[in-house]
$ cat entry-v6.txt   # compact mmCIF, N, CA and C atoms
# COMPACT_ATOMS: atom_id res chain seq x y z
N MET P 1 69.89 103.89 134.38
CA MET P 1 70.84 103.30 133.45
C MET P 1 72.24 103.80 133.74
N GLU P 2 73.17 102.94 133.47
CA GLU P 2 74.57 103.26 133.71
C GLU P 2 75.36 102.95 132.44
N ILE P 3 76.28 103.86 132.10
CA ILE P 3 77.15 103.66 130.94
C ILE P 3 78.33 102.79 131.38
N LYS P 4 78.62 101.76 130.59
CA LYS P 4 79.73 100.86 130.91
C LYS P 4 80.62 100.69 129.69
N VAL P 5 81.84 100.26 129.95
CA VAL P 5 82.82 100.04 128.88
C VAL P 5 83.45 98.67 129.08
N ALA P 6 83.53 97.92 128.00
CA ALA P 6 84.28 96.66 128.00
C ALA P 6 85.44 96.86 127.05
N ASP P 7 86.65 96.52 127.47
CA ASP P 7 87.78 96.70 126.57
C ASP P 7 88.79 95.58 126.75
N LYS P 8 89.52 95.32 125.68
CA LYS P 8 90.57 94.30 125.73
C LYS P 8 91.60 94.62 124.67
N THR P 9 92.86 94.43 125.04
CA THR P 9 93.96 94.58 124.09
C THR P 9 94.53 93.20 123.80
N ILE P 10 94.73 92.92 122.53
CA ILE P 10 95.26 91.63 122.11
C ILE P 10 96.59 91.86 121.42
N LYS P 11 97.62 91.14 121.90
CA LYS P 11 98.95 91.24 121.30
C LYS P 11 99.18 90.07 120.36
N TYR P 12 100.13 90.22 119.47
CA TYR P 12 100.39 89.25 118.40
C TYR P 12 100.63 87.83 118.92
N GLY P 13 101.22 87.66 120.09
CA GLY P 13 101.51 86.34 120.63
C GLY P 13 100.27 85.48 120.84
N LEU P 14 99.14 86.13 121.13
CA LEU P 14 97.90 85.40 121.33
C LEU P 14 97.31 84.90 120.01
N VAL P 15 97.74 85.51 118.93
CA VAL P 15 97.22 85.17 117.60
C VAL P 15 98.11 84.17 116.88
N ALA P 16 99.40 84.18 117.18
CA ALA P 16 100.37 83.34 116.48
C ALA P 16 100.24 81.89 116.92
N ASP P 17 99.64 81.04 116.06
CA ASP P 17 99.41 79.67 116.51
C ASP P 17 99.58 78.59 115.44
N GLY P 18 100.15 78.91 114.31
CA GLY P 18 100.46 77.86 113.34
C GLY P 18 99.39 77.57 112.32
N THR P 19 98.40 78.46 112.22
CA THR P 19 97.35 78.26 111.23
C THR P 19 97.19 79.54 110.40
N THR P 20 96.20 79.55 109.56
CA THR P 20 95.90 80.76 108.79
C THR P 20 94.71 81.52 109.38
N THR P 21 94.04 80.95 110.37
CA THR P 21 92.90 81.60 111.01
C THR P 21 92.95 81.37 112.52
N LYS P 22 92.69 82.42 113.27
CA LYS P 22 92.65 82.30 114.73
C LYS P 22 91.50 83.15 115.26
N THR P 23 90.60 82.54 116.02
CA THR P 23 89.50 83.27 116.65
C THR P 23 89.84 83.49 118.11
N VAL P 24 89.70 84.74 118.55
CA VAL P 24 90.06 85.13 119.91
C VAL P 24 88.85 85.77 120.59
N TYR P 25 88.52 85.29 121.79
CA TYR P 25 87.45 85.87 122.60
C TYR P 25 87.89 87.27 123.04
N ILE P 26 87.00 88.26 122.88
CA ILE P 26 87.33 89.62 123.31
C ILE P 26 86.66 89.91 124.65
N PHE P 27 85.34 89.91 124.70
CA PHE P 27 84.61 90.11 125.94
C PHE P 27 83.16 89.70 125.76
N ALA P 28 82.44 89.64 126.87
CA ALA P 28 81.02 89.28 126.84
C ALA P 28 80.19 90.54 127.08
N LEU P 29 79.18 90.72 126.23
CA LEU P 29 78.25 91.81 126.45
C LEU P 29 77.04 91.25 127.19
N PRO P 30 76.61 91.92 128.25
CA PRO P 30 75.53 91.37 129.09
C PRO P 30 74.17 91.43 128.41
N PRO P 31 73.24 90.63 128.86
CA PRO P 31 71.88 90.70 128.32
C PRO P 31 71.22 92.03 128.70
N GLY P 32 70.29 92.46 127.88
CA GLY P 32 69.52 93.66 128.20
C GLY P 32 70.28 94.96 128.07
N ARG P 33 71.39 94.97 127.42
CA ARG P 33 72.17 96.20 127.30
C ARG P 33 71.69 97.01 126.10
N TYR P 34 72.08 98.27 126.05
CA TYR P 34 71.80 99.15 124.93
C TYR P 34 73.14 99.59 124.34
N PRO P 35 73.53 99.07 123.19
CA PRO P 35 74.82 99.40 122.60
C PRO P 35 74.91 100.87 122.21
N ILE P 36 76.03 101.48 122.49
CA ILE P 36 76.28 102.87 122.12
C ILE P 36 77.32 102.94 121.01
N GLY P 37 78.39 102.17 121.13
CA GLY P 37 79.42 102.20 120.09
C GLY P 37 80.44 101.11 120.28
N PHE P 38 81.19 100.86 119.22
CA PHE P 38 82.28 99.89 119.25
C PHE P 38 83.47 100.50 118.54
N TYR P 39 84.64 100.36 119.13
CA TYR P 39 85.84 100.96 118.58
C TYR P 39 86.96 99.93 118.56
N ALA P 40 87.80 100.04 117.55
CA ALA P 40 88.97 99.17 117.45
C ALA P 40 90.12 99.99 116.91
N ARG P 41 91.29 99.84 117.54
CA ARG P 41 92.46 100.61 117.12
C ARG P 41 93.68 99.72 117.13
N VAL P 42 94.40 99.72 116.02
CA VAL P 42 95.69 99.04 115.95
C VAL P 42 96.69 99.98 116.61
N LYS P 43 97.25 99.54 117.74
CA LYS P 43 98.19 100.37 118.49
C LYS P 43 99.63 100.14 118.03
N THR P 44 99.94 98.91 117.63
CA THR P 44 101.22 98.55 117.04
C THR P 44 100.90 97.74 115.80
N ALA P 45 101.45 98.12 114.67
CA ALA P 45 101.15 97.43 113.42
C ALA P 45 101.54 95.96 113.52
N PHE P 46 100.71 95.09 112.96
CA PHE P 46 101.01 93.67 112.93
C PHE P 46 101.99 93.41 111.79
N ALA P 47 102.98 92.59 112.06
CA ALA P 47 104.02 92.32 111.07
C ALA P 47 104.44 90.86 111.14
N GLY P 48 105.02 90.37 110.04
CA GLY P 48 105.58 89.02 110.02
C GLY P 48 104.89 88.08 109.07
N THR P 49 103.66 88.37 108.69
CA THR P 49 102.95 87.53 107.73
C THR P 49 102.20 88.43 106.76
N THR P 50 101.83 87.89 105.63
CA THR P 50 101.17 88.70 104.62
C THR P 50 99.66 88.58 104.71
N ALA P 51 98.99 89.61 104.19
CA ALA P 51 97.54 89.63 104.07
C ALA P 51 96.83 89.43 105.41
N LEU P 52 97.38 89.96 106.50
CA LEU P 52 96.76 89.79 107.81
C LEU P 52 95.57 90.72 107.96
N THR P 53 94.43 90.13 108.33
CA THR P 53 93.21 90.90 108.53
C THR P 53 92.55 90.49 109.85
N VAL P 54 91.61 91.31 110.28
CA VAL P 54 90.78 90.98 111.44
C VAL P 54 89.34 91.36 111.13
N GLU P 55 88.42 90.60 111.69
CA GLU P 55 87.00 90.93 111.64
C GLU P 55 86.45 90.68 113.03
N VAL P 56 85.40 91.41 113.40
CA VAL P 56 84.86 91.32 114.75
C VAL P 56 83.36 91.08 114.68
N GLY P 57 82.90 90.13 115.48
CA GLY P 57 81.48 89.82 115.50
C GLY P 57 81.13 88.90 116.64
N VAL P 58 80.17 88.04 116.38
CA VAL P 58 79.71 87.06 117.37
C VAL P 58 79.65 85.71 116.67
N ALA P 59 79.50 84.65 117.43
CA ALA P 59 79.40 83.32 116.84
C ALA P 59 78.28 83.30 115.81
N GLY P 60 78.59 82.78 114.65
CA GLY P 60 77.60 82.71 113.59
C GLY P 60 77.54 83.94 112.70
N ASP P 61 78.18 85.03 113.12
CA ASP P 61 78.20 86.27 112.33
C ASP P 61 79.48 87.03 112.67
N THR P 62 80.60 86.55 112.16
CA THR P 62 81.92 87.07 112.56
C THR P 62 82.22 88.46 112.03
N THR P 63 81.38 89.01 111.17
CA THR P 63 81.61 90.38 110.68
C THR P 63 80.49 91.34 111.10
N ARG P 64 79.74 91.00 112.11
CA ARG P 64 78.62 91.85 112.53
C ARG P 64 79.07 93.23 112.99
N ILE P 65 80.22 93.32 113.66
CA ILE P 65 80.65 94.59 114.25
C ILE P 65 81.71 95.28 113.39
N VAL P 66 82.71 94.55 112.95
CA VAL P 66 83.76 95.10 112.08
C VAL P 66 83.96 94.12 110.93
N ARG P 67 83.77 94.58 109.71
CA ARG P 67 84.04 93.74 108.55
C ARG P 67 85.54 93.58 108.40
N LYS P 68 85.95 92.57 107.65
CA LYS P 68 87.37 92.23 107.48
C LYS P 68 88.18 93.46 107.03
N GLN P 69 89.25 93.76 107.81
CA GLN P 69 90.13 94.89 107.51
C GLN P 69 91.58 94.51 107.75
N VAL P 70 92.46 95.09 106.96
CA VAL P 70 93.90 94.87 107.08
C VAL P 70 94.41 95.56 108.34
N ILE P 71 95.33 94.90 109.06
CA ILE P 71 95.84 95.49 110.32
C ILE P 71 97.36 95.61 110.31
N ASN P 72 97.93 95.97 109.16
CA ASN P 72 99.38 96.11 109.07
C ASN P 72 99.85 97.55 109.26
N ARG P 73 98.98 98.41 109.76
CA ARG P 73 99.39 99.78 110.09
C ARG P 73 98.61 100.28 111.30
N VAL P 74 99.16 101.26 111.98
CA VAL P 74 98.55 101.84 113.17
C VAL P 74 97.35 102.69 112.75
N GLY P 75 96.28 102.61 113.53
CA GLY P 75 95.11 103.46 113.27
C GLY P 75 93.82 102.77 113.66
N ASP P 76 92.73 103.53 113.52
CA ASP P 76 91.41 103.02 113.87
C ASP P 76 90.85 102.15 112.76
N LEU P 77 90.13 101.10 113.17
CA LEU P 77 89.38 100.31 112.20
C LEU P 77 88.01 100.97 112.03
N ILE P 78 87.37 100.69 110.93
CA ILE P 78 86.06 101.26 110.66
C ILE P 78 85.00 100.27 111.11
N PRO P 79 84.20 100.62 112.12
CA PRO P 79 83.14 99.71 112.56
C PRO P 79 82.06 99.63 111.50
N PHE P 80 81.34 98.52 111.47
CA PHE P 80 80.27 98.29 110.52
C PHE P 80 78.97 98.74 111.16
N PHE P 81 78.52 99.94 110.82
CA PHE P 81 77.27 100.44 111.37
C PHE P 81 76.22 100.47 110.28
N CYS P 82 75.07 99.93 110.56
CA CYS P 82 73.95 99.98 109.63
C CYS P 82 72.68 100.10 110.46
N ALA P 83 71.56 100.25 109.80
CA ALA P 83 70.30 100.47 110.52
C ALA P 83 69.98 99.34 111.48
N SER P 84 70.41 98.12 111.16
CA SER P 84 70.03 96.99 112.01
C SER P 84 71.11 96.57 113.00
N GLN P 85 72.28 97.22 112.97
CA GLN P 85 73.36 96.73 113.81
C GLN P 85 72.99 96.70 115.29
N PHE P 86 72.48 97.80 115.82
CA PHE P 86 72.22 97.83 117.25
C PHE P 86 71.09 96.89 117.63
N THR P 87 70.11 96.71 116.75
CA THR P 87 69.07 95.73 117.02
C THR P 87 69.67 94.34 117.04
N ASP P 88 70.53 94.05 116.05
CA ASP P 88 71.18 92.73 115.98
C ASP P 88 72.06 92.49 117.20
N LEU P 89 72.70 93.52 117.69
CA LEU P 89 73.60 93.36 118.83
C LEU P 89 72.86 93.26 120.15
N GLN P 90 71.61 93.65 120.16
CA GLN P 90 70.85 93.59 121.40
C GLN P 90 70.72 92.13 121.82
N ALA P 91 71.29 91.80 122.95
CA ALA P 91 71.27 90.41 123.41
C ALA P 91 69.86 90.02 123.82
N LYS P 92 69.60 88.76 123.81
CA LYS P 92 68.34 88.25 124.33
C LYS P 92 68.28 88.62 125.82
N THR P 93 67.11 88.76 126.35
CA THR P 93 66.99 89.21 127.74
C THR P 93 67.58 88.21 128.73
N THR P 94 67.79 86.98 128.30
CA THR P 94 68.29 85.97 129.24
C THR P 94 69.71 85.51 128.93
N ALA P 95 70.36 86.09 127.93
CA ALA P 95 71.68 85.59 127.55
C ALA P 95 72.64 86.71 127.20
N GLN P 96 73.90 86.49 127.51
CA GLN P 96 74.94 87.42 127.09
C GLN P 96 75.39 87.04 125.68
N GLU P 97 76.13 87.96 125.03
CA GLU P 97 76.71 87.66 123.73
C GLU P 97 78.21 87.83 123.82
N ASP P 98 78.95 86.82 123.38
CA ASP P 98 80.41 86.88 123.37
C ASP P 98 80.88 87.51 122.07
N VAL P 99 81.69 88.56 122.20
CA VAL P 99 82.27 89.23 121.03
C VAL P 99 83.61 88.56 120.74
N ILE P 100 83.85 88.23 119.46
CA ILE P 100 85.07 87.54 119.06
C ILE P 100 85.75 88.29 117.92
N ALA P 101 87.07 88.14 117.85
CA ALA P 101 87.85 88.67 116.73
C ALA P 101 88.42 87.48 115.96
N THR P 102 88.30 87.51 114.64
CA THR P 102 88.85 86.46 113.81
C THR P 102 89.99 87.04 112.99
N PHE P 103 91.19 86.53 113.24
CA PHE P 103 92.39 86.97 112.53
C PHE P 103 92.67 85.99 111.41
N ARG P 104 93.04 86.51 110.23
CA ARG P 104 93.37 85.65 109.08
C ARG P 104 94.64 86.17 108.44
N GLY P 105 95.53 85.23 108.07
CA GLY P 105 96.78 85.60 107.41
C GLY P 105 97.40 84.39 106.76
N ALA P 106 98.50 84.61 106.03
CA ALA P 106 99.16 83.53 105.30
C ALA P 106 99.70 82.45 106.24
N ASP P 107 100.37 82.86 107.32
CA ASP P 107 100.92 81.92 108.31
C ASP P 107 101.07 82.68 109.62
N LEU P 108 100.15 82.47 110.52
CA LEU P 108 100.12 83.25 111.76
C LEU P 108 101.31 82.98 112.67
N THR P 109 102.01 81.86 112.50
CA THR P 109 103.18 81.59 113.34
C THR P 109 104.31 82.57 113.06
N LEU P 110 104.26 83.25 111.93
CA LEU P 110 105.32 84.19 111.56
C LEU P 110 105.12 85.59 112.13
N LEU P 111 104.04 85.81 112.86
CA LEU P 111 103.81 87.14 113.43
C LEU P 111 104.95 87.53 114.36
N SER P 112 105.42 88.77 114.21
CA SER P 112 106.54 89.23 115.01
C SER P 112 106.22 90.52 115.78
N ALA P 113 105.08 91.12 115.51
CA ALA P 113 104.68 92.35 116.20
C ALA P 113 103.19 92.56 115.99
N GLY P 114 102.63 93.38 116.85
CA GLY P 114 101.24 93.77 116.67
C GLY P 114 100.47 93.84 117.97
N GLU P 115 99.59 94.83 118.05
CA GLU P 115 98.74 95.01 119.23
C GLU P 115 97.49 95.77 118.78
N ILE P 116 96.33 95.26 119.17
CA ILE P 116 95.06 95.89 118.80
C ILE P 116 94.17 95.99 120.04
N GLU P 117 93.49 97.12 120.17
CA GLU P 117 92.60 97.34 121.30
C GLU P 117 91.15 97.39 120.80
N PHE P 118 90.26 96.71 121.53
CA PHE P 118 88.83 96.69 121.22
C PHE P 118 88.08 97.32 122.39
N VAL P 119 87.09 98.17 122.09
CA VAL P 119 86.31 98.83 123.13
C VAL P 119 84.83 98.83 122.73
N ALA P 120 83.97 98.39 123.64
CA ALA P 120 82.52 98.47 123.45
C ALA P 120 81.96 99.37 124.54
N VAL P 121 81.08 100.29 124.15
CA VAL P 121 80.43 101.20 125.09
C VAL P 121 78.94 100.88 125.04
N TYR P 122 78.33 100.68 126.21
CA TYR P 122 76.92 100.31 126.25
C TYR P 122 76.30 100.82 127.56
N ALA P 123 74.98 100.85 127.56
CA ALA P 123 74.24 101.23 128.77
C ALA P 123 73.47 100.02 129.25
N GLU P 124 73.34 99.89 130.57
CA GLU P 124 72.51 98.82 131.14
C GLU P 124 71.88 99.29 132.43
$ encode --input "entry-v6.txt" --output "structure tokens"
Amino acid sequence: MEIKVADKTIKYGLVADGTTTKTVYIFALPPGRYPIGFYARVKTAFAGTTALTVEVGVAGDTTRIVRKQVINRVGDLIPFFCASQFTDLQAKTTAQEDVIATFRGADLTLLSAGEIEFVAVYAE
């Protein structure tokens, strides 16, 4: 087994699109992996719109990894860990799972700053 890391940083420009909700692809987790952890950190506070939040999950379950949290300040987000999380995240042996972030705010076109980094650690 080998430990691997998938990471992606998303800046505010990718989220600003004229709606109140924007879903952004983060990365694909391969089939047959063993999840170790998931981390998210706001590196630059998001600014320009009110009530801006992010949640992280997969298609059909957008809060599986990180439940909705405000991202208007720098710091780590709290991942959603429960007894079934790693079982739920275990991909089918023949398919990968795409991890997505869903951003929600009053008017995303008004975003003027912000940067968030997502990191998944897994063994395969």
$ residues_around --input "entry-v6.txt" --residues "Gly13 in chain P" --least-positions-apart "3" --cutoff "8 Å" --atoms "all atoms listed in the file" --output "ChimeraX atom specification"
/P:10,16-17,111-115
$ residues_near_point --input "entry-v6.txt" --point "(91.3, 90.3, 115.2)" --cutoff "9 Å" --atoms "only C-alpha atoms" --output "JSON, numbers by chain"
{"P": [10, 15, 22, 23, 24, 53, 54, 55, 56, 68, 71, 100, 101, 102, 103, 104, 116]}
$ write_last_selection --input "entry-v6.txt" --atoms "N, CA and C atoms" --output "compact mmCIF listing (two decimals), in the frame of the given file"
# COMPACT_ATOMS: atom_id res chain seq x y z
N ILE P 10 94.73 92.92 122.53
CA ILE P 10 95.26 91.63 122.11
C ILE P 10 96.59 91.86 121.42
N VAL P 15 97.74 85.51 118.93
CA VAL P 15 97.22 85.17 117.60
C VAL P 15 98.11 84.17 116.88
N LYS P 22 92.69 82.42 113.27
CA LYS P 22 92.65 82.30 114.73
C LYS P 22 91.50 83.15 115.26
N THR P 23 90.60 82.54 116.02
CA THR P 23 89.50 83.27 116.65
C THR P 23 89.84 83.49 118.11
N VAL P 24 89.70 84.74 118.55
CA VAL P 24 90.06 85.13 119.91
C VAL P 24 88.85 85.77 120.59
N THR P 53 94.43 90.13 108.33
CA THR P 53 93.21 90.90 108.53
C THR P 53 92.55 90.49 109.85
N VAL P 54 91.61 91.31 110.28
CA VAL P 54 90.78 90.98 111.44
C VAL P 54 89.34 91.36 111.13
N GLU P 55 88.42 90.60 111.69
CA GLU P 55 87.00 90.93 111.64
C GLU P 55 86.45 90.68 113.03
N VAL P 56 85.40 91.41 113.40
CA VAL P 56 84.86 91.32 114.75
C VAL P 56 83.36 91.08 114.68
N LYS P 68 85.95 92.57 107.65
CA LYS P 68 87.37 92.23 107.48
C LYS P 68 88.18 93.46 107.03
N ILE P 71 95.33 94.90 109.06
CA ILE P 71 95.84 95.49 110.32
C ILE P 71 97.36 95.61 110.31
N ILE P 100 83.85 88.23 119.46
CA ILE P 100 85.07 87.54 119.06
C ILE P 100 85.75 88.29 117.92
N ALA P 101 87.07 88.14 117.85
CA ALA P 101 87.85 88.67 116.73
C ALA P 101 88.42 87.48 115.96
N THR P 102 88.30 87.51 114.64
CA THR P 102 88.85 86.46 113.81
C THR P 102 89.99 87.04 112.99
N PHE P 103 91.19 86.53 113.24
CA PHE P 103 92.39 86.97 112.53
C PHE P 103 92.67 85.99 111.41
N ARG P 104 93.04 86.51 110.23
CA ARG P 104 93.37 85.65 109.08
C ARG P 104 94.64 86.17 108.44
N ILE P 116 96.33 95.26 119.17
CA ILE P 116 95.06 95.89 118.80
C ILE P 116 94.17 95.99 120.04
$ select_by_dssp --input "entry-v6.txt" --residues "chain P" --states "strand (DSSP E or B)" --output "number ranges by chain"
P: 3-11, 21-29, 34-47, 53-58, 61-70, 75-76, 97-104, 113-123
$ closest_residue --input "entry-v6.txt" --among "P:Arg67, P:Leu14, P:Thr20, P:Ile26" --to "Phe118 in chain P" --atoms "all atoms listed in the file"
P:Ile26
$ residues_around --input "entry-v6.txt" --residues "Thr49 in chain P" --least-positions-apart "6" --cutoff "6.5 Å" --atoms "only N, CA and C atoms" --output "number ranges by chain"
P: 105-108, 110-112
$ closest_residue --input "entry-v6.txt" --among "P:Thr63, P:Gln96, P:Thr9, P:Asn72" --to "Gly48 in chain P" --atoms "only C-alpha atoms"
P:Asn72
$ atom_distance --input "entry-v6.txt" --atom1 "atom C of Glu97 in chain P" --atom2 "CA of Val70 in chain P"
24.0 Å
$ select_by_dssp --input "entry-v6.txt" --residues "chain P" --states "helix (DSSP H, G or I)" --output "ChimeraX atom specification"
/P:12-15,85-89,108-110
$ atom_distance --input "entry-v6.txt" --atom1 "CA of Thr21 in chain P" --atom2 "CA of Gly37 in chain P"
26.2 Å
$ atom_distance --input "entry-v6.txt" --atom1 "CA of Glu124 in chain P" --atom2 "CA of Ile78 in chain P"
24.7 Å
$ residues_around --input "entry-v6.txt" --residues "Pro79 in chain P" --least-positions-apart "6" --cutoff "6.5 Å" --atoms "only N, CA and C atoms" --output "PyMOL selection string"
chain P and resi 38+65-67
